[in-house]
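Dropping input31.txt in here (compact mmCIF, C-alpha atoms):
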# COMPACT_ATOMS: atom_id res chain seq x y z
CA MET A 590 128.29 -77.20 143.78
CA ASP A 591 129.11 -78.55 140.37
CA ASN A 592 129.24 -75.90 137.67
CA GLU A 593 130.50 -78.09 134.84
CA GLY A 594 128.76 -77.48 131.55
CA LYS A 595 127.61 -73.97 132.39
CA LYS A 596 128.03 -71.25 129.82
CA ILE A 597 130.10 -68.16 130.54
CA LEU A 598 130.21 -65.16 128.25
CA VAL A 599 133.07 -62.72 128.79
CA ILE A 600 132.70 -59.36 127.07
CA GLN A 601 135.97 -57.50 126.58
CA THR A 602 135.78 -53.83 125.62
CA HIS A 603 139.39 -52.88 126.42
CA GLY A 604 142.27 -52.98 124.00
CA VAL A 605 146.00 -52.58 123.72
CA GLU A 606 145.95 -48.98 124.93
CA THR A 607 145.07 -50.24 128.43
CA PRO A 608 147.37 -53.25 128.91
CA THR A 609 146.42 -53.86 132.56
CA ARG A 610 142.83 -54.49 131.51
CA THR A 611 143.66 -57.12 128.91
CA TYR A 612 145.08 -60.16 130.73
CA SER A 613 142.52 -60.78 133.47
CA PRO A 614 139.43 -61.44 131.34
CA LEU A 615 141.40 -64.06 129.42
CA PHE A 616 142.69 -65.57 132.67
CA TYR A 617 139.13 -65.87 134.02
CA ALA A 618 138.02 -67.39 130.74
CA MET A 619 140.78 -70.01 131.01
CA ALA A 620 139.82 -70.70 134.62
CA ALA A 621 136.22 -71.34 133.59
CA ALA A 622 137.36 -73.58 130.73
CA ALA A 623 139.55 -75.53 133.15
CA MET A 624 136.42 -76.05 135.25
CA GLU A 625 134.73 -77.63 132.22
CA MET A 626 132.51 -74.68 131.37
CA GLU A 627 131.74 -73.48 127.87
CA VAL A 628 133.42 -70.11 127.50
CA ILE A 629 133.17 -67.43 124.86
CA VAL A 630 135.14 -64.20 124.93
CA TRP A 631 133.42 -61.53 122.86
CA PHE A 632 135.62 -58.65 121.76
CA THR A 633 133.93 -55.38 120.97
CA MET A 634 134.61 -51.63 121.08
CA ASN A 635 138.32 -51.10 121.91
CA GLY A 636 138.70 -54.79 122.72
CA THR A 637 138.69 -55.50 119.02
CA ASN A 638 142.10 -53.94 118.45
CA GLN A 639 143.94 -56.58 120.51
CA LEU A 640 142.99 -59.12 117.84
CA LYS A 641 144.79 -57.26 115.06
CA LYS A 642 147.79 -59.20 113.81
CA GLY A 643 151.01 -57.95 115.37
CA GLU A 644 149.39 -55.88 118.14
CA ALA A 645 149.06 -58.32 121.04
CA GLU A 646 152.75 -59.21 120.85
CA LYS A 647 153.56 -55.63 121.91
CA VAL A 648 151.63 -55.89 125.18
CA GLN A 649 153.79 -57.35 127.94
CA LEU A 650 152.71 -56.66 131.52
CA ASP A 651 155.64 -58.39 133.19
CA LYS A 652 158.89 -57.43 131.50
CA THR A 653 160.74 -60.23 133.28
CA SER A 654 158.50 -62.84 131.66
CA ASN A 655 158.21 -63.76 128.00
CA VAL A 656 154.41 -63.89 128.30
CA THR A 657 152.67 -61.31 126.11
CA LEU A 658 149.02 -60.65 125.41
CA LYS A 659 149.47 -62.80 122.30
CA THR A 660 150.58 -65.65 124.56
CA MET A 661 147.46 -65.17 126.66
CA LEU A 662 145.19 -65.21 123.61
CA GLN A 663 146.87 -68.36 122.33
CA MET A 664 146.67 -70.05 125.74
CA ALA A 665 142.96 -69.23 125.87
CA MET A 666 142.38 -70.79 122.47
CA ASP A 667 144.46 -73.82 123.47
CA SER A 668 142.16 -74.14 126.50
CA GLU A 669 139.18 -74.31 124.13
CA VAL A 670 137.96 -70.83 124.90
CA ASP A 671 136.09 -69.47 121.84
CA LEU A 672 137.23 -66.03 120.74
CA ARG A 673 134.66 -64.03 118.80
CA VAL A 674 134.65 -60.49 117.55
CA CYS A 675 131.90 -58.04 116.74
CA GLN A 676 131.57 -57.37 113.02
CA GLN A 677 130.55 -53.76 113.52
CA SER A 678 133.50 -52.98 115.78
CA LEU A 679 135.91 -54.31 113.17
CA GLU A 680 134.76 -51.47 110.97
CA LEU A 681 135.35 -49.06 113.83
CA TRP A 682 139.03 -50.01 113.69
CA ASN A 683 139.12 -50.23 109.92
CA MET A 684 139.96 -53.93 110.20
CA LYS A 685 139.06 -56.76 107.87
CA GLN A 686 139.02 -60.52 108.41
CA GLU A 687 142.56 -60.86 107.09
CA ASP A 688 143.78 -58.41 109.74
CA LEU A 689 142.65 -60.73 112.55
CA ILE A 690 144.82 -63.32 114.26
CA ASP A 691 143.90 -66.88 113.33
CA GLY A 692 141.14 -68.66 115.19
CA VAL A 693 138.76 -65.76 115.80
CA GLU A 694 135.18 -65.94 114.56
CA ILE A 695 133.36 -62.81 113.34
CA LEU A 696 129.72 -62.42 114.34
CA GLY A 697 127.14 -59.69 114.05
CA ALA A 698 125.48 -57.66 116.79
CA THR A 699 122.42 -59.89 116.99
CA SER A 700 124.67 -62.77 118.02
CA ILE A 701 125.79 -61.03 121.19
CA ILE A 702 122.16 -60.72 122.23
CA ASP A 703 121.57 -64.42 121.60
CA LEU A 704 124.79 -65.38 123.41
CA SER A 705 123.91 -63.18 126.39
CA LEU A 706 120.52 -64.80 126.74
CA GLN A 707 121.94 -68.29 126.36
CA ALA A 708 124.76 -67.79 128.88
CA ASP A 709 124.46 -68.79 132.51
CA HIS A 710 126.60 -65.82 133.41
CA VAL A 711 127.98 -62.77 131.62
CA MET A 712 131.19 -61.07 132.76
CA TYR A 713 131.67 -57.60 131.36
CA PHE A 714 135.00 -55.80 131.22
CA MET B 253 163.85 -94.36 144.60
CA ALA B 254 164.64 -95.21 140.99
CA HIS B 255 164.37 -92.09 138.92
CA GLU B 256 165.88 -90.17 136.07
CA LYS B 257 166.43 -86.47 135.56
CA ILE B 258 165.66 -85.14 132.11
CA ASN B 259 166.60 -81.50 131.65
CA GLY B 260 166.48 -81.24 135.43
CA CYS B 261 162.95 -82.71 135.57
CA VAL B 262 162.53 -85.73 137.83
CA ILE B 263 160.65 -88.75 136.49
CA LEU B 264 160.16 -91.66 138.88
CA LYS B 265 160.34 -95.09 137.37
CA ASP B 266 157.74 -96.74 139.59
CA LEU B 267 154.82 -94.58 138.45
CA HIS B 268 152.38 -94.78 135.57
CA TYR B 269 152.17 -91.60 133.47
CA ALA B 270 149.69 -89.85 131.22
CA VAL B 271 152.51 -88.05 129.50
CA GLU B 272 150.53 -85.57 127.42
CA ASP B 273 148.47 -84.50 130.42
CA ASN B 274 151.50 -84.49 132.75
CA THR B 275 149.92 -86.60 135.46
CA TRP B 276 151.10 -89.67 137.32
CA VAL B 277 149.35 -92.64 138.90
CA ARG B 278 150.62 -94.72 141.81
CA LYS B 279 149.01 -98.10 142.44
CA ASN B 280 148.22 -98.52 146.13
CA ASP B 281 148.10 -101.81 148.03
CA ASP B 282 144.35 -101.54 148.61
CA GLY B 283 143.56 -101.39 144.90
CA THR B 284 143.07 -97.63 144.81
CA VAL B 285 145.40 -95.23 143.05
CA THR B 286 146.98 -91.92 143.98
CA VAL B 287 147.14 -89.25 141.28
CA GLY B 288 149.28 -86.15 141.01
CA MET B 289 151.03 -83.68 138.74
CA THR B 290 154.50 -84.41 137.43
CA ASP B 291 157.63 -82.40 138.05
CA VAL B 292 157.32 -81.19 134.46
CA ALA B 293 153.78 -79.96 135.18
CA GLN B 294 154.72 -78.04 138.31
CA ASN B 295 157.57 -76.45 136.41
CA LEU B 296 155.31 -75.33 133.57
CA ALA B 297 152.76 -73.91 136.01
CA GLY B 298 155.27 -72.02 138.15
CA PRO B 299 154.67 -71.39 141.86
CA ILE B 300 151.11 -72.57 142.44
CA LEU B 301 148.72 -70.28 144.31
CA HIS B 302 145.57 -72.39 144.49
CA ALA B 303 144.66 -76.00 143.85
CA LYS B 304 141.02 -76.96 144.03
CA ALA B 305 140.13 -80.62 143.67
CA LYS B 306 136.75 -82.08 142.87
CA GLY B 307 135.17 -83.63 145.92
CA ALA B 308 135.24 -87.25 147.03
CA GLY B 309 132.45 -89.18 145.37
CA THR B 310 132.87 -87.42 142.02
CA GLY B 311 132.88 -89.82 139.08
CA ARG B 312 135.41 -88.96 136.41
CA LYS B 313 136.02 -90.14 132.89
CA LYS B 314 139.59 -90.11 131.69
CA GLY B 315 140.53 -86.61 130.50
CA LYS B 316 137.96 -84.80 132.65
CA PRO B 317 139.29 -82.47 135.36
CA ILE B 318 139.91 -83.80 138.84
CA ALA B 319 141.21 -80.40 139.96
CA THR B 320 141.95 -76.91 138.76
CA VAL B 321 145.31 -75.37 139.51
CA GLU B 322 146.35 -71.77 139.19
CA SER B 323 149.59 -69.88 139.43
CA GLY B 324 150.36 -66.26 138.70
CA LYS B 325 150.85 -67.01 135.03
CA TRP B 326 148.72 -70.06 134.27
CA VAL B 327 145.42 -71.68 135.13
CA GLY B 328 144.32 -75.09 133.94
CA PRO B 329 142.87 -78.46 134.75
CA VAL B 330 144.51 -81.54 136.19
CA LYS B 331 142.99 -84.18 133.93
CA SER B 332 141.99 -87.56 135.24
CA PRO B 333 144.34 -90.25 133.93
CA ILE B 334 141.78 -93.00 134.57
CA ASN B 335 138.06 -93.75 134.54
CA GLY B 336 136.85 -93.93 138.09
CA GLU B 337 135.73 -92.15 141.21
CA ILE B 338 137.55 -89.72 143.46
CA ILE B 339 137.65 -91.22 146.94
CA ALA B 340 139.89 -88.69 148.71
CA VAL B 341 141.44 -85.30 148.08
CA ASN B 342 144.67 -83.94 149.48
CA GLU B 343 143.31 -81.49 152.03
CA ALA B 344 146.80 -80.10 152.69
CA LEU B 345 146.75 -78.39 149.29
CA ALA B 346 144.00 -76.03 150.44
CA SER B 347 146.38 -74.21 152.75
CA ASP B 348 149.64 -74.94 150.93
CA ALA B 349 149.19 -75.43 147.19
CA GLN B 350 152.95 -75.17 146.65
CA LEU B 351 153.26 -78.67 148.07
CA ILE B 352 152.72 -79.57 144.41
CA ASN B 353 155.83 -77.59 143.49
CA ARG B 354 157.95 -78.84 146.37
CA SER B 355 156.84 -82.45 146.46
CA PRO B 356 154.97 -83.34 143.27
CA TYR B 357 155.33 -87.10 143.74
CA ASP B 358 154.78 -87.33 147.49
CA LYS B 359 153.17 -84.72 149.75
CA GLY B 360 151.73 -82.82 146.77
CA TRP B 361 149.49 -85.64 145.53
CA VAL B 362 146.14 -84.36 144.30
CA VAL B 363 143.48 -87.07 144.69
CA LYS B 364 143.04 -90.75 145.37
CA MET B 365 140.75 -92.64 143.04
CA LYS B 366 139.12 -96.00 142.58
CA SER B 367 139.29 -97.20 139.01
CA GLU B 368 136.44 -98.87 137.18
CA ASP B 369 138.94 -101.20 135.50
CA LEU B 370 142.43 -100.72 136.86
CA ALA B 371 144.20 -103.15 134.54
CA ALA B 372 142.74 -101.43 131.48
CA ASP B 373 143.50 -97.97 132.84
CA LEU B 374 147.11 -98.78 133.69
CA SER B 375 147.70 -100.43 130.34
CA ALA B 376 146.82 -97.12 128.66
CA LEU B 377 149.52 -95.29 130.66
CA VAL B 378 153.30 -95.50 130.31
CA PHE B 379 155.54 -96.96 133.00
CA GLY B 380 159.21 -97.27 133.90
CA GLU B 381 161.75 -96.95 131.10
CA ASP B 382 158.95 -96.33 128.59
CA ALA B 383 157.98 -93.26 130.60
CA ILE B 384 161.56 -92.00 130.55
CA THR B 385 161.68 -92.39 126.78
CA ALA B 386 158.31 -90.69 126.35
CA TYR B 387 159.30 -87.76 128.53
CA LYS B 388 162.62 -87.30 126.76
CA ALA B 389 160.70 -87.02 123.49
CA LYS B 390 158.10 -84.69 124.96
CA ILE B 391 160.61 -82.36 126.59
CA GLU B 392 162.55 -82.09 123.36
CA ARG B 393 159.48 -81.73 121.13
CA ASP B 394 157.75 -79.12 123.30
CA LYS B 395 161.05 -77.33 124.05
CA ILE B 396 160.31 -77.52 127.78
CA GLN B 397 162.74 -75.43 129.78
CA ALA B 398 164.85 -76.96 132.53
CA CYS B 399 162.80 -77.77 135.62
CA ASN B 400 163.01 -75.22 138.38
CA HIS B 401 162.66 -76.36 141.97
CA ILE B 402 161.62 -73.86 144.62
CA GLU B 403 163.20 -73.80 148.06
CA GLY B 404 162.32 -76.83 150.15
CA SER B 405 161.67 -79.14 147.21
CA ASP B 406 162.19 -82.87 147.52
CA THR B 407 165.67 -83.82 146.38
CA TYR B 408 166.61 -86.77 144.24
CA ALA B 409 170.26 -87.65 144.23
For the structure just supplied, provide its representation as structure tokens.
Amino acid sequence: MDNEGKKILVIQTHGVETPTRTYSPLFYAMAAAAMEMEVIVWFTMNGTNQLKKGEAEKVQLDKTSNVTLKTMLQMAMDSEVDLRVCQQSLELWNMKQEDLIDGVEILGATSIIDLSLQADHVMYF
Amino acid sequence: MAHEKINGCVILKDLHYAVEDNTWVRKNDDGTVTVGMTDVAQNLAGPILHAKAKGAGTGRKKGKPIATVESGKWVGPVKSPINGEIIAVNEALASDAQLINRSPYDKGWVVKMKSEDLAADLSALVFGEDAITAYKAKIERDKIQACNHIEGSDTYA
């Protein structure tokens, strides 16, 4: 079965306070991108805080490796995964656009509804 | 086999390379080509857990994935270095994906392809001493760490 061109929406609600829940959604997103799918990772609720400048660098699951959550986010962007964040959840964390790492698009709550309906599959974490 | 080691990474001189995508192409006697990942690529990926190639009969434009490869720390595509059709996949990778790590230029080949225009495709790749020069530049520019070879890897004296 050829799944190229399908749209995957990954919703990430977990942030830096739960490191073991941060890598896998990005890894799946990269896998889908490698399979030529269109992939968006939508950060909301606690997931938003991993996009704050300086935070993702502190999350390192494997201490023997130099890979951090920041590395994972950058690898995802390099793989053409779109990273988007919920406007309303930025306010929850008292964050502004300038607090975000580069390359993340801010969208409102109506967008997540549109994206969910347009996606071929939604993965929720 | 004529080769050179750059920062411990083996580059064979009789292959055609898509240097930025870290793939190689070997011209076969029957006009087809064999495609695989370079030693640099297997080193960047780390020990490979799964390699899943597109099936025979799949048409591919240059740059589109012919396979996806995943390790514990990385997942990504193997991009087609030519325009053509996949005519065979390396079935051995299904049960032993680390063949790519141990034998990137031989037993760890990924697919065989038939090019739409082989002369044009090969002319867009780099070969021989040009490949050595290109890889030296790439390894320095991208600060690629010395190639690691897992136990049982092919040796090049």
Nearby residues (all atoms listed in the file) at most 6 Å from Val670 (chain A), same-chain spacing under 3 positions excluded, as a count of residues only: 4
Distance of CA of His401 (chain B) from CA of Val287 (chain B), expressed in Å to one decimal place: 20.2 Å
Chain B contacts on chain A, all atoms listed in the file, 8 Å, as a PyMOL selection string: chain A and resi 616+619-620+622-625+668
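For region 642-655 of chain A, the list of residues within 8 Å, based on all atoms listed in the file and with local chain neighbours fewer than 2 positions off taken out, reads Val605, Pro608, Thr609, Asn638, Gln639, Leu640, Thr657, Leu658, Lys659, Thr660, Asp688, Leu689 and Ile690 of chain A.
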Kindly save the residues from that selection, with C-alpha atoms included, as a PDB file, in the frame of the given file.
ATOM      1  CA  VAL A 605     146.000 -52.580 123.720  1.00  0.00           C
ATOM      2  CA  PRO A 608     147.370 -53.250 128.910  1.00  0.00           C
ATOM      3  CA  THR A 609     146.420 -53.860 132.560  1.00  0.00           C
ATOM      4  CA  ASN A 638     142.100 -53.940 118.450  1.00  0.00           C
ATOM      5  CA  GLN A 639     143.940 -56.580 120.510  1.00  0.00           C
ATOM      6  CA  LEU A 640     142.990 -59.120 117.840  1.00  0.00           C
ATOM      7  CA  THR A 657     152.670 -61.310 126.110  1.00  0.00           C
ATOM      8  CA  LEU A 658     149.020 -60.650 125.410  1.00  0.00           C
ATOM      9  CA  LYS A 659     149.470 -62.800 122.300  1.00  0.00           C
ATOM     10  CA  THR A 660     150.580 -65.650 124.560  1.00  0.00           C
ATOM     11  CA  ASP A 688     143.780 -58.410 109.740  1.00  0.00           C
ATOM     12  CA  LEU A 689     142.650 -60.730 112.550  1.00  0.00           C
ATOM     13  CA  ILE A 690     144.820 -63.320 114.260  1.00  0.00           C
TER      14      ILE A 690
END
Met634 (chain A) surroundings by only C-alpha atoms, 8 Å radius, close-in-sequence under 3 positions cut, as a PyMOL selection string: chain A and resi 602-603+637+678+681
Residues near region 371-383 of chain B, cut-off 8 Å, only C-alpha atoms, skip fewer than 2 positions along chain, as a ChimeraX atom specification: /B:263-271,333-335,367,369,385-387
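Counting all atoms listed in the file, Gly697 (chain A) has the following residues at most 8 Å away, ignoring those fewer than 2 positions along the same chain: A:Cys675, A:Gln676, A:Gln677, A:Ile695, A:Thr699, A:Ser700, A:Ile701.
Separating CA of Val292 (chain B) from CA of Ser332 (chain B) is a distance of 16.6 Å.
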Interatomic distance, CA of Gly288 (chain B) to CA of Val362 (chain B) (Å, one decimal): 4.9 Å
Distance criterion (all atoms listed in the file): nearest to Thr275 (chain B) out of B:Ile258, B:Ala293, B:Ile339, B:Ala305: B:Ala293
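Shortest atom-to-atom contact with Cys399 (chain B) among B:Glu337, B:Asp348, B:Asp291, B:Asp273: B:Asp291, counting all atoms listed in the file.
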Test item: axis-aligned box, all listed atoms of region 635-654 of chain A, 3 Å on each side, centre and edges in Å rounded to one decimal, as AutoDock Vina command-line options:
--center_x 149.5 --center_y -57.0 --center_z 123.5 --size_x 28.4 --size_y 17.7 --size_z 25.5
